[in-house]
$ cat my_file06.cif   # mmCIF, C-alpha atoms and all ligand atoms
data_work
loop_
_atom_site.label_atom_id
_atom_site.label_comp_id
_atom_site.auth_asym_id
_atom_site.auth_seq_id
_atom_site.Cartn_x
_atom_site.Cartn_y
_atom_site.Cartn_z
CA ALA A 1496 0.00 0.00 0.00
CA ALA A 1497 1.09 3.56 -0.68
CA PRO A 1498 3.07 5.49 0.35
CA SER A 1499 5.70 2.98 -0.66
CA SER A 1500 8.80 5.14 -0.81
CA PRO A 1501 10.52 6.41 2.35
CA ASP A 1502 10.30 9.91 0.86
CA ALA A 1503 6.53 9.71 0.67
CA ALA A 1504 6.28 8.50 4.28
CA ARG A 1505 8.62 11.23 5.52
CA LEU A 1506 6.72 13.90 3.66
CA LEU A 1507 3.44 12.61 5.12
CA ALA A 1508 4.89 12.92 8.63
CA ARG A 1509 5.98 16.48 7.83
CA ARG A 1510 2.50 17.25 6.47
CA GLU A 1511 0.92 15.95 9.65
CA ALA A 1512 3.27 18.03 11.78
CA VAL A 1513 2.37 21.24 10.00
CA PHE A 1514 -1.33 20.69 9.18
CA ALA A 1515 -4.25 20.48 11.61
CA ASP A 1516 -6.08 17.15 11.81
CA VAL A 1517 -9.18 18.69 10.32
CA GLN A 1518 -7.29 19.10 7.02
CA GLU A 1519 -7.99 15.54 5.99
CA HIS A 1520 -6.53 13.62 3.09
CA TYR A 1521 -7.93 10.78 1.03
CA PHE A 1522 -6.85 7.27 2.17
CA GLU A 1523 -5.09 6.33 5.41
CA GLU A 1524 -1.82 6.29 3.53
CA PRO A 1525 -2.23 8.61 0.60
CA PRO A 1526 -0.08 8.18 -2.50
CA LEU A 1527 2.30 11.11 -2.99
CA MET A 1528 1.10 12.57 -6.27
CA VAL A 1529 3.69 14.44 -8.28
CA ARG A 1530 2.14 14.66 -11.73
CA GLY A 1531 -1.13 14.48 -13.57
CA TRP A 1532 -1.92 13.84 -17.21
CA ARG A 1533 -5.44 13.82 -18.66
CA GLU A 1534 -7.44 11.48 -16.36
CA HIS A 1535 -4.32 10.02 -14.75
CA LEU A 1536 -2.31 10.76 -11.63
CA ILE A 1537 1.30 9.69 -11.18
CA ASP A 1538 2.91 9.18 -7.78
CA ALA A 1539 6.50 9.68 -6.61
CA ASP A 1540 7.31 6.06 -7.44
CA GLY A 1541 6.13 6.51 -11.02
CA ARG A 1542 2.94 4.54 -10.41
CA VAL A 1543 0.05 5.63 -12.64
CA TYR A 1544 -3.49 5.84 -11.25
CA LEU A 1545 -6.77 6.28 -13.07
CA ASP A 1546 -8.53 9.33 -11.62
CA THR A 1547 -12.31 8.78 -11.42
CA LEU A 1548 -12.74 11.55 -8.87
CA ASN A 1549 -11.43 14.90 -10.04
CA ASN A 1550 -14.30 17.05 -11.24
CA VAL A 1551 -12.17 20.12 -10.49
CA THR A 1552 -9.72 19.28 -13.29
CA SER A 1553 -12.61 19.26 -15.74
CA VAL A 1554 -10.56 19.27 -18.94
CA GLY A 1555 -7.82 16.98 -17.61
CA HIS A 1556 -4.62 17.29 -15.61
CA ALA A 1557 -1.74 19.36 -17.04
CA HIS A 1558 -3.65 20.44 -20.14
CA PRO A 1559 -1.13 22.16 -22.45
CA ARG A 1560 -3.59 24.91 -23.44
CA ILE A 1561 -4.15 25.85 -19.78
CA ILE A 1562 -0.40 26.02 -19.23
CA GLU A 1563 -0.08 28.31 -22.26
CA ALA A 1564 -2.95 30.53 -21.10
CA VAL A 1565 -1.48 30.92 -17.61
CA ALA A 1566 2.07 31.57 -18.80
CA GLY A 1567 0.94 33.92 -21.56
CA GLN A 1568 -1.16 36.12 -19.28
CA TRP A 1569 1.37 36.10 -16.41
CA ARG A 1570 3.99 37.39 -18.85
CA LEU A 1571 1.75 40.36 -19.61
CA ILE A 1572 0.04 41.34 -16.35
CA ASN A 1573 -1.74 39.87 -13.35
CA THR A 1574 -2.77 42.36 -10.72
CA ASN A 1575 -5.53 43.96 -8.70
CA SER A 1576 -8.92 43.64 -10.26
CA ARG A 1577 -10.00 47.26 -9.82
CA PHE A 1578 -8.21 48.20 -13.01
CA HIS A 1579 -9.53 47.21 -16.41
CA TYR A 1580 -8.21 44.27 -18.44
CA PRO A 1581 -9.19 42.60 -21.72
CA SER A 1582 -9.11 38.96 -20.52
CA VAL A 1583 -11.49 39.70 -17.62
CA VAL A 1584 -14.11 41.35 -19.82
CA GLU A 1585 -13.83 38.66 -22.48
CA PHE A 1586 -14.28 35.82 -20.01
CA SER A 1587 -17.15 37.50 -18.14
CA GLU A 1588 -19.03 38.05 -21.40
CA ARG A 1589 -18.54 34.42 -22.40
CA LEU A 1590 -19.72 33.21 -19.01
CA ALA A 1591 -22.84 35.40 -19.06
CA ALA A 1592 -23.59 34.13 -22.58
CA LEU A 1593 -23.74 30.56 -21.22
CA LEU A 1594 -26.73 31.48 -19.05
CA PRO A 1595 -30.32 32.13 -20.09
CA ALA A 1596 -31.90 35.60 -19.80
CA PRO A 1597 -32.26 37.43 -17.48
CA LEU A 1598 -29.00 36.14 -15.91
CA ASP A 1599 -26.56 38.62 -17.42
CA THR A 1600 -24.45 40.10 -14.62
CA VAL A 1601 -21.24 38.46 -13.42
CA PHE A 1602 -19.16 38.61 -10.21
CA LEU A 1603 -15.81 36.79 -10.34
CA VAL A 1604 -14.38 35.24 -7.17
CA ASN A 1605 -11.77 32.60 -6.22
CA SER A 1606 -13.74 29.56 -5.11
CA GLY A 1607 -17.04 27.78 -4.72
CA SER A 1608 -17.35 28.78 -1.07
CA GLU A 1609 -16.97 32.43 -2.01
CA ALA A 1610 -19.45 32.10 -4.85
CA VAL A 1611 -22.18 30.54 -2.66
CA ASP A 1612 -21.41 32.99 0.15
CA LEU A 1613 -21.88 35.93 -2.22
CA ALA A 1614 -25.05 34.36 -3.63
CA LEU A 1615 -26.50 34.23 -0.10
CA ARG A 1616 -25.51 37.85 0.54
CA LEU A 1617 -27.18 38.93 -2.73
CA ALA A 1618 -30.37 37.23 -1.55
CA GLN A 1619 -30.15 38.91 1.86
CA ALA A 1620 -29.71 42.30 0.22
CA TRP A 1621 -32.57 41.64 -2.20
CA SER A 1622 -35.08 40.39 0.32
CA GLY A 1623 -33.92 42.15 3.46
CA ARG A 1624 -34.12 38.74 5.17
CA ARG A 1625 -31.71 36.32 6.63
CA ASP A 1626 -33.65 33.06 6.72
CA VAL A 1627 -32.53 30.43 4.24
CA VAL A 1628 -34.10 27.13 3.27
CA ALA A 1629 -31.58 24.49 2.19
CA ILE A 1630 -31.66 20.77 1.45
CA ARG A 1631 -30.13 18.35 3.93
CA GLU A 1632 -27.12 16.17 3.08
CA ALA A 1633 -25.60 19.09 1.18
CA TYR A 1634 -22.19 20.73 1.18
CA HIS A 1635 -21.91 24.37 0.08
CA GLY A 1636 -18.53 25.54 1.40
CA TRP A 1637 -16.46 26.38 4.46
CA THR A 1638 -17.02 30.14 4.96
CA TYR A 1639 -19.19 31.26 7.88
CA LEU A 1640 -22.35 31.55 5.76
CA THR A 1641 -21.81 28.53 3.54
CA ASP A 1642 -20.82 26.29 6.42
CA ALA A 1643 -24.05 27.30 8.16
CA VAL A 1644 -26.12 25.94 5.26
CA SER A 1645 -24.05 22.77 4.81
CA THR A 1646 -25.76 19.84 6.48
CA SER A 1647 -23.84 16.83 5.22
CA VAL A 1648 -23.21 14.70 8.29
CA ALA A 1649 -20.40 12.96 6.44
CA ASP A 1650 -18.46 16.24 6.61
CA ASN A 1651 -19.68 17.26 10.07
CA PRO A 1652 -21.47 14.68 12.27
CA SER A 1653 -23.26 17.38 14.30
CA ALA A 1654 -24.26 19.34 11.19
CA ILE A 1655 -28.01 19.27 11.78
CA GLU A 1656 -28.03 20.14 15.52
CA THR A 1657 -25.54 22.97 15.14
CA ARG A 1658 -27.36 25.00 12.50
CA PRO A 1659 -27.96 28.67 13.35
CA GLU A 1660 -31.65 29.54 13.82
CA TRP A 1661 -31.90 31.22 10.41
CA VAL A 1662 -31.12 27.97 8.56
CA HIS A 1663 -34.11 25.74 7.79
CA THR A 1664 -33.56 22.36 6.20
CA VAL A 1665 -35.80 20.17 4.09
CA PRO A 1666 -35.33 16.46 3.32
CA ALA A 1667 -32.72 15.36 0.81
CA PRO A 1668 -34.29 13.96 -2.36
CA HIS A 1669 -32.20 10.84 -2.18
CA ARG A 1670 -33.64 8.36 0.28
CA GLY A 1671 -31.88 5.24 -0.85
CA LYS A 1672 -33.86 2.98 -3.12
CA PRO A 1673 -34.24 4.32 -6.64
CA GLU A 1674 -37.94 3.45 -6.56
CA ALA A 1675 -38.47 5.29 -3.24
CA ASP A 1676 -41.49 7.55 -3.30
CA THR A 1677 -40.23 11.07 -3.87
CA THR A 1678 -43.54 12.64 -4.84
CA MET A 1679 -43.96 14.27 -1.44
CA LEU A 1680 -40.54 15.92 -1.35
CA ALA A 1681 -41.50 19.08 -3.22
CA ALA A 1682 -44.66 19.40 -1.11
CA GLU A 1683 -42.59 19.14 2.09
CA ALA A 1684 -40.17 21.81 0.93
CA VAL A 1685 -42.99 24.11 -0.22
CA ALA A 1686 -44.74 23.58 3.13
CA GLU A 1687 -41.58 24.68 4.96
CA VAL A 1688 -41.25 27.80 2.78
CA ASP A 1689 -44.93 28.64 3.41
CA ARG A 1690 -44.63 27.89 7.13
CA LEU A 1691 -41.76 30.37 7.47
CA ALA A 1692 -43.75 33.05 5.69
CA GLY A 1693 -46.73 32.33 7.95
CA ALA A 1694 -44.50 32.66 11.00
CA GLY A 1695 -43.38 36.12 9.89
CA THR A 1696 -39.87 35.02 8.95
CA PRO A 1697 -40.10 34.38 5.20
CA ALA A 1698 -37.04 32.84 3.56
CA GLY A 1699 -34.73 35.25 1.74
CA ALA A 1700 -33.40 32.34 -0.28
CA PHE A 1701 -33.84 28.73 -1.22
CA LEU A 1702 -30.45 27.16 -1.89
CA ALA A 1703 -29.83 23.79 -3.54
CA GLU A 1704 -27.59 21.86 -5.86
CA PRO A 1705 -30.03 21.58 -8.79
CA PHE A 1706 -28.78 18.02 -9.43
CA PHE A 1707 -27.82 16.53 -6.12
CA GLY A 1708 -24.04 15.99 -6.34
CA ASN A 1709 -23.16 15.57 -2.70
CA ALA A 1710 -25.79 12.87 -2.20
CA GLY A 1711 -24.26 10.85 -5.04
CA GLY A 1712 -25.32 12.48 -8.29
CA VAL A 1713 -29.05 12.14 -7.80
CA ALA A 1714 -31.58 13.91 -10.01
CA LEU A 1715 -34.22 15.83 -8.05
CA PRO A 1716 -37.78 14.60 -8.66
CA ASP A 1717 -39.39 16.12 -11.77
CA GLY A 1718 -40.98 19.46 -11.00
CA TYR A 1719 -39.23 19.80 -7.63
CA LEU A 1720 -37.34 23.01 -8.31
CA ASP A 1721 -40.22 24.55 -10.22
CA ALA A 1722 -42.51 24.10 -7.21
CA VAL A 1723 -40.00 25.27 -4.60
CA TYR A 1724 -38.69 28.21 -6.67
CA ARG A 1725 -42.27 29.43 -7.15
CA ALA A 1726 -42.96 29.19 -3.43
CA VAL A 1727 -39.85 31.08 -2.35
CA ARG A 1728 -40.43 33.80 -4.96
CA ARG A 1729 -44.07 34.12 -3.91
CA HIS A 1730 -42.79 35.28 -0.51
CA GLY A 1731 -40.13 37.62 -1.94
CA GLY A 1732 -37.08 35.34 -1.69
CA LEU A 1733 -34.59 34.23 -4.35
CA ALA A 1734 -33.80 30.85 -5.88
CA ILE A 1735 -30.07 30.06 -5.73
CA ALA A 1736 -28.53 27.21 -7.72
CA ASP A 1737 -25.20 25.84 -6.48
CA GLU A 1738 -23.67 24.59 -9.75
CA VAL A 1739 -20.18 24.29 -8.23
CA GLN A 1740 -20.03 20.51 -8.69
CA VAL A 1741 -22.60 19.57 -11.27
CA GLY A 1742 -22.56 22.49 -13.71
CA TYR A 1743 -20.27 23.16 -16.69
CA GLY A 1744 -21.14 20.30 -19.01
CA ARG A 1745 -20.40 17.38 -16.72
CA LEU A 1746 -23.97 16.08 -16.73
CA GLY A 1747 -23.59 15.51 -20.49
CA GLU A 1748 -27.19 16.09 -21.48
CA TRP A 1749 -27.20 19.55 -19.85
CA PHE A 1750 -24.54 22.21 -19.40
CA TRP A 1751 -26.21 23.38 -16.16
CA GLY A 1752 -27.92 21.20 -13.58
CA PHE A 1753 -30.95 23.52 -13.45
CA GLU A 1754 -31.69 22.74 -17.12
CA GLN A 1755 -32.50 19.18 -16.08
CA GLN A 1756 -35.33 20.63 -13.96
CA GLY A 1757 -36.50 23.07 -16.65
CA VAL A 1758 -36.15 26.13 -14.40
CA ILE A 1759 -34.13 29.36 -14.35
CA PRO A 1760 -32.69 30.35 -10.96
CA ASP A 1761 -32.26 33.96 -9.81
CA VAL A 1762 -28.63 33.46 -8.78
CA VAL A 1763 -26.15 30.84 -10.00
CA ALA A 1764 -22.89 29.97 -8.18
CA VAL A 1765 -20.11 28.32 -10.20
CA ALA A 1766 -16.49 27.29 -9.49
CA LYS A 1767 -14.34 24.13 -9.61
CA ALA A 1768 -14.60 23.06 -13.29
CA MET A 1769 -14.42 26.61 -14.63
CA GLY A 1770 -10.78 26.98 -13.54
CA ASN A 1771 -9.61 23.36 -14.03
CA GLY A 1772 -7.92 23.60 -10.62
CA HIS A 1773 -6.93 27.25 -10.88
CA PRO A 1774 -8.81 29.28 -8.22
CA LEU A 1775 -11.81 30.70 -10.05
CA GLY A 1776 -15.45 31.01 -9.14
CA ALA A 1777 -18.37 33.17 -10.21
CA VAL A 1778 -21.86 34.33 -9.41
CA ILE A 1779 -24.19 35.14 -12.27
CA THR A 1780 -27.44 36.94 -11.56
CA THR A 1781 -29.80 39.55 -12.92
CA ARG A 1782 -28.86 43.20 -13.23
CA ALA A 1783 -31.62 44.17 -10.78
CA ILE A 1784 -30.42 41.78 -8.06
CA ALA A 1785 -26.81 42.90 -8.52
CA GLU A 1786 -27.86 46.55 -8.30
CA ARG A 1787 -29.78 46.02 -5.07
CA TYR A 1788 -26.66 44.54 -3.50
CA ARG A 1789 -24.86 47.80 -4.21
CA THR A 1790 -27.12 49.59 -1.74
CA GLY A 1791 -26.36 47.29 1.19
CA GLY A 1792 -23.31 45.21 0.41
CA TYR A 1793 -19.73 45.58 -0.60
CA PHE A 1794 -17.79 43.64 -3.17
CA PHE A 1795 -14.12 43.59 -3.95
CA SER A 1796 -11.78 40.64 -4.39
CA SER A 1797 -8.04 41.21 -4.79
CA ALA A 1798 -7.43 38.11 -6.88
CA GLY A 1799 -10.95 36.94 -7.78
CA GLY A 1800 -11.21 36.77 -11.58
CA SER A 1801 -7.73 38.19 -12.07
CA PRO A 1802 -6.42 38.51 -15.63
CA VAL A 1803 -4.67 35.11 -15.27
CA SER A 1804 -7.77 33.46 -13.78
CA SER A 1805 -9.90 34.89 -16.55
CA ALA A 1806 -7.46 33.68 -19.22
CA VAL A 1807 -7.74 30.21 -17.66
CA GLY A 1808 -11.54 30.52 -17.64
CA SER A 1809 -11.60 31.28 -21.36
CA ALA A 1810 -9.11 28.48 -22.12
CA VAL A 1811 -11.30 25.96 -20.25
CA LEU A 1812 -14.32 27.01 -22.31
CA ASP A 1813 -12.27 26.75 -25.54
CA ILE A 1814 -11.16 23.24 -24.60
CA ILE A 1815 -14.66 22.07 -23.62
CA ARG A 1816 -15.86 23.29 -27.04
CA ASP A 1817 -12.92 22.15 -29.20
CA GLU A 1818 -12.58 18.70 -27.63
CA GLY A 1819 -16.33 18.08 -27.44
CA LEU A 1820 -16.10 17.37 -23.70
CA GLN A 1821 -19.77 17.86 -22.87
CA GLN A 1822 -20.63 15.41 -25.66
CA ASN A 1823 -17.99 13.03 -24.30
CA ALA A 1824 -19.54 13.32 -20.84
CA ARG A 1825 -22.88 12.40 -22.39
CA ASP A 1826 -21.68 9.50 -24.57
CA THR A 1827 -18.83 7.98 -22.55
CA GLY A 1828 -20.81 8.70 -19.36
CA ALA A 1829 -23.77 6.72 -20.73
CA TYR A 1830 -21.42 3.89 -21.70
CA LEU A 1831 -19.86 3.88 -18.22
CA ARG A 1832 -23.26 3.96 -16.58
CA SER A 1833 -24.51 1.02 -18.64
CA ARG A 1834 -21.39 -0.99 -17.79
CA LEU A 1835 -21.91 -0.24 -14.08
CA GLU A 1836 -25.56 -1.30 -14.35
CA VAL A 1837 -24.56 -4.60 -15.98
CA LEU A 1838 -22.04 -5.09 -13.17
CA GLY A 1839 -24.88 -4.53 -10.70
CA GLN A 1840 -26.73 -7.51 -12.15
CA ARG A 1841 -23.86 -9.75 -11.08
CA HIS A 1842 -22.91 -8.08 -7.82
CA PRO A 1843 -25.82 -7.48 -5.44
CA LEU A 1844 -23.70 -5.06 -3.40
CA ILE A 1845 -24.46 -2.52 -6.16
CA GLY A 1846 -27.98 -1.42 -5.20
CA ALA A 1847 -28.36 1.38 -7.74
CA VAL A 1848 -26.42 3.51 -10.19
CA HIS A 1849 -27.39 7.18 -9.89
CA GLY A 1850 -26.41 10.12 -12.02
CA SER A 1851 -25.94 11.45 -15.50
CA GLY A 1852 -22.97 11.92 -17.83
CA PHE A 1853 -19.78 12.12 -15.81
CA TYR A 1854 -21.50 12.53 -12.46
CA LEU A 1855 -22.35 8.96 -11.58
CA GLY A 1856 -23.05 7.37 -8.23
CA PRO A 1857 -22.95 3.58 -7.86
CA GLU A 1858 -24.51 2.95 -4.45
CA PHE A 1859 -23.43 -0.03 -2.32
CA VAL A 1860 -26.00 -1.68 -0.03
CA ARG A 1861 -25.93 -4.84 2.07
CA ASP A 1862 -29.52 -5.77 1.44
CA HIS A 1863 -31.90 -4.66 -1.30
CA ARG A 1864 -34.91 -4.96 0.99
CA THR A 1865 -33.67 -2.91 3.95
CA TRP A 1866 -31.31 -0.82 1.80
CA SER A 1867 -28.79 -0.88 4.62
CA PRO A 1868 -25.74 1.13 3.51
CA ALA A 1869 -22.49 -0.80 2.93
CA THR A 1870 -20.35 1.94 4.47
CA GLU A 1871 -17.33 -0.09 5.65
CA GLU A 1872 -17.37 -2.16 2.47
CA THR A 1873 -17.29 1.01 0.35
CA ARG A 1874 -14.21 2.28 2.16
CA ALA A 1875 -12.46 -1.07 1.78
CA ILE A 1876 -13.39 -1.23 -1.91
CA CYS A 1877 -11.83 2.21 -2.45
CA ASP A 1878 -8.64 1.06 -0.69
CA ARG A 1879 -8.48 -2.07 -2.82
CA LEU A 1880 -9.16 -0.08 -6.01
CA ARG A 1881 -6.28 2.19 -5.09
CA GLU A 1882 -4.00 -0.86 -4.87
CA LEU A 1883 -5.16 -1.77 -8.37
CA GLY A 1884 -4.33 1.74 -9.62
CA VAL A 1885 -7.78 3.35 -9.54
CA ILE A 1886 -8.61 6.41 -7.42
CA ALA A 1887 -12.23 6.38 -6.23
CA GLN A 1888 -13.91 7.83 -3.12
CA PRO A 1889 -17.28 7.64 -1.35
CA THR A 1890 -19.87 10.37 -0.84
CA GLY A 1891 -23.29 10.83 0.79
CA ASP A 1892 -24.30 10.82 4.43
CA HIS A 1893 -23.63 7.07 4.66
CA GLN A 1894 -20.43 7.21 2.60
CA ASN A 1895 -21.69 4.29 0.54
CA ILE A 1896 -21.88 5.88 -2.92
CA LEU A 1897 -18.85 6.29 -5.18
CA LYS A 1898 -18.58 9.83 -6.51
CA VAL A 1899 -17.61 9.01 -10.07
CA LYS A 1900 -16.86 12.42 -11.59
CA PRO A 1901 -13.64 12.14 -13.61
CA PRO A 1902 -12.00 14.75 -15.83
CA MET A 1903 -14.29 15.08 -18.83
CA CYS A 1904 -11.63 13.78 -21.23
CA PHE A 1905 -12.19 10.31 -19.64
CA THR A 1906 -12.10 7.74 -22.46
CA ARG A 1907 -14.01 4.53 -23.11
CA ALA A 1908 -10.78 2.63 -22.41
CA SER A 1909 -10.60 4.33 -19.01
CA ALA A 1910 -14.26 3.52 -18.35
CA ASP A 1911 -13.49 -0.13 -19.15
CA ALA A 1912 -10.40 -0.13 -16.93
CA PHE A 1913 -12.40 1.30 -14.01
CA VAL A 1914 -15.33 -1.12 -14.35
CA ASP A 1915 -12.99 -4.09 -14.84
CA ALA A 1916 -11.07 -3.17 -11.68
CA LEU A 1917 -14.32 -2.76 -9.73
CA ASP A 1918 -15.53 -6.12 -11.07
CA ARG A 1919 -12.30 -7.72 -9.90
CA VAL A 1920 -12.63 -6.23 -6.41
CA LEU A 1921 -16.29 -7.24 -6.08
CA THR A 1922 -15.47 -10.76 -7.34
CA THR A 1923 -12.30 -11.48 -5.35
CA GLY A 1924 -13.09 -9.50 -2.20
CA TRP A 1925 -11.74 -6.36 -0.59
N1 LIG B 1 -20.67 23.87 -3.34
C1 LIG B 1 -20.55 22.59 -3.66
C2 LIG B 1 -21.74 21.84 -4.18
C3 LIG B 1 -19.33 21.93 -3.49
O1 LIG B 1 -19.21 20.63 -3.80
C4 LIG B 1 -18.21 22.65 -3.00
C5 LIG B 1 -16.84 22.01 -2.83
N2 LIG B 1 -16.85 20.66 -2.56
C6 LIG B 1 -18.38 24.00 -2.70
C7 LIG B 1 -19.63 24.59 -2.89
C8 LIG B 1 -17.25 24.82 -2.17
O2 LIG B 1 -16.31 25.03 -3.17
P1 LIG B 1 -14.77 25.36 -2.82
O3 LIG B 1 -14.16 24.13 -2.28
O4 LIG B 1 -14.21 25.78 -4.16
O5 LIG B 1 -14.76 26.49 -1.85
#

$ encode --input "my_file06.cif" --output "structure tokens"
Amino acid sequence: AAPSSPDAARLLARREAVFADVQEHYFEEPPLMVRGWREHLIDADGRVYLDTLNNVTSVGHAHPRIIEAVAGQWRLINTNSRFHYPSVVEFSERLAALLPAPLDTVFLVNSGSEAVDLALRLAQAWSGRRDVVAIREAYHGWTYLTDAVSTSVADNPSAIETRPEWVHTVPAPHRGKPEADTTMLAAEAVAEVDRLAGAGTPAGAFLAEPFFGNAGGVALPDGYLDAVYRAVRRHGGLAIADEVQVGYGRLGEWFWGFEQQGVIPDVVAVAKAMGNGHPLGAVITTRAIAERYRTGGYFFSSAGGSPVSSAVGSAVLDIIRDEGLQQNARDTGAYLRSRLEVLGQRHPLIGAVHGSGFYLGPEFVRDHRTWSPATEETRAICDRLRELGVIAQPTGDHQNILKVKPPMCFTRASADAFVDALDRVLTTGW
């Protein structure tokens, strides 16, 4: 098991001496990664791993066009964003053009946490209210505001009990079995929005991943967002879509998760994929909402959407277009999904395969009747896959769903290699 070289072990000890425990790493003994290439990671011993996990590096590790974009812009200028630069305007225009009307106004930031934080502040300024309705089992970031609305117990076991009083949660759409009755979920969320209004504390915002990434790549029930968005707007609040994980073409069929639900949010938060690992996030909203923020809020970010970050943002969009990566997510993702489903027919541990495109979630259960989560098994399977050269990790409150969200250049051969390795682990034990 990694880390095999003495160097890797020594460096891990040094990491542990200088980092706090809360700064976790994947695996008990993480491989020491020194390079990446497309959907592969290479450790200090030269061992190559298949990366099924990295949705941040959306166009692939070490993409030559990203390197060129970074170096080219750094050679010219990269400084404080209160001046005026061509690459920033060009990227912002392209980003706004990816969204439907009336979403036409862009704020550039450094990360997903900052984007969701700003989205919540925009809603507070718009509505004059602090109360937020959010879905349970979600992760939205680590800042004070975004941590408050993150209720994934996998990330924080006391997440639900420790919410501030202005955070109101509604059930997560994923309740295990794929055939579980989800028809009541929208009604429950609408009832909570109406209850708050009736109590004199109407929600300023409803916040959700429009396709539920953190719970394992689960589509919300049809009509869910339409019903809840209408309810929150009826009482003067805003609909916020956290597209940090699922947006940007990964779902294959849709560029944005909200398209799957046939709705248009008031505020969209984006990050991760848009920078391919370079710190870049954004909020896109309407002109009216952005203007209202001006009266009560303040916005300036020293490095958010810098000329270099914006050059990266444009390069990522060029690559997604030129290499047909959204189409690849749709086609290779469908192929991967069908192979996982076939595997599920032979291995009862696979209870369901959730997701779309390159956001897939094979869910491991001990028993199809009770749907009892195979949490320990999932961890052991990930460890065994790592030994076989495949990086995979669990997600969801029970940590029993693999978050399969590879770089979007993932090939059919890589899909086969992943499924074959998983088949081997499920057949020979973990
Ligand atoms: N929202 C979602 C849905 C996320 O998955 C994450 C990161 N895991 C964030 C927000 C926060 O993004 P960042 O780590 O870039 O701050």

$ residues_around --input "my_file06.cif" --residues "segment 1643-1647 of chain A" --least-positions-apart "2" --cutoff "7 Å" --atoms "all atoms listed in the file" --output "count of residues only"
18

$ closest_residue --input "my_file06.cif" --among "A:Gly1695, A:Val1628, A:Ala1682, A:Gly1744" --to "Val1665 of chain A" --atoms "only C-alpha atoms"
A:Val1628

$ residues_near_ligand --input "my_file06.cif" --ligand "ligand LIG 1 (chain B)" --cutoff "9 Å" --atoms "all atoms listed in the file" --output "ChimeraX atom specification"
/A:1551,1605-1611,1633-1638,1641,1645,1703-1704,1707-1709,1737-1741,1764-1767,1774-1776

$ residues_near_point --input "my_file06.cif" --point "(-10.3, 13.3, -10.1)" --cutoff "8 Å" --atoms "only C-alpha atoms" --output "number ranges by chain"
A: 1534, 1546-1552, 1886, 1900-1902

$ residues_around --input "my_file06.cif" --residues "segment 1503-1518 of chain A" --least-positions-apart "6" --cutoff "10 Å" --atoms "all atoms listed in the file" --output "ChimeraX atom specification"
/A:1497,1524-1528,1538-1540

$ closest_residue --input "my_file06.cif" --among "A:Arg1616, A:Thr1906, A:Ala1681, A:Val1885" --to "Val1920 of chain A" --atoms "all atoms listed in the file"
A:Val1885

$ atom_distance --input "my_file06.cif" --atom1 "atom CA of Leu1883 of chain A" --atom2 "atom CA of Glu1523 of chain A"
16.0 Å

$ atom_distance --input "my_file06.cif" --atom1 "atom CA of Met1769 of chain A" --atom2 "atom CA of Glu1588 of chain A"
14.1 Å

$ closest_residue --input "my_file06.cif" --among "A:Phe1753, A:Phe1706, A:Phe1578, A:Phe1522" --to "Ile1876 of chain A" --atoms "all atoms listed in the file"
A:Phe1522

$ closest_atom_pairs --input "my_file06.cif" --of "segment 1548-1605 of chain A" --to "segment 1811-1824 of chain A" --cutoff "10 Å" --atoms "only C-alpha atoms" --output "CSV"
residue,atom,partner,partner_atom,distance
A:Thr1552,CA,A:Val1811,CA,9.8
A:Ser1553,CA,A:Val1811,CA,8.2
A:Val1554,CA,A:Ile1815,CA,6.8
A:Gly1555,CA,A:Ile1814,CA,10.0
A:His1558,CA,A:Ile1814,CA,9.2
A:Arg1560,CA,A:Ile1814,CA,7.8
A:Ile1561,CA,A:Val1811,CA,7.2
A:Ala1564,CA,A:Val1811,CA,9.6
A:Phe1586,CA,A:Leu1812,CA,9.1
A:Arg1589,CA,A:Leu1812,CA,8.5
A:Leu1590,CA,A:Leu1812,CA,8.9

$ residues_around --input "my_file06.cif" --residues "Glu1660 of chain A" --least-positions-apart "6" --cutoff "10 Å" --atoms "all atoms listed in the file" --output "PDB file with C-alpha atoms, keeping the file's coordinate frame"
ATOM      1  CA  ARG A1625     -31.710  36.320   6.630  1.00  0.00           C
ATOM      2  CA  ASP A1626     -33.650  33.060   6.720  1.00  0.00           C
ATOM      3  CA  VAL A1627     -32.530  30.430   4.240  1.00  0.00           C
ATOM      4  CA  ALA A1643     -24.050  27.300   8.160  1.00  0.00           C
TER       5      ALA A1643
END

$ residues_around --input "my_file06.cif" --residues "Gly1846 of chain A" --least-positions-apart "3" --cutoff "8 Å" --atoms "all atoms listed in the file" --output "list in words"
Lys1672, Gly1839, Pro1843, Pro1857, Glu1858, Phe1859, Val1860, His1863 and Trp1866 of chain A
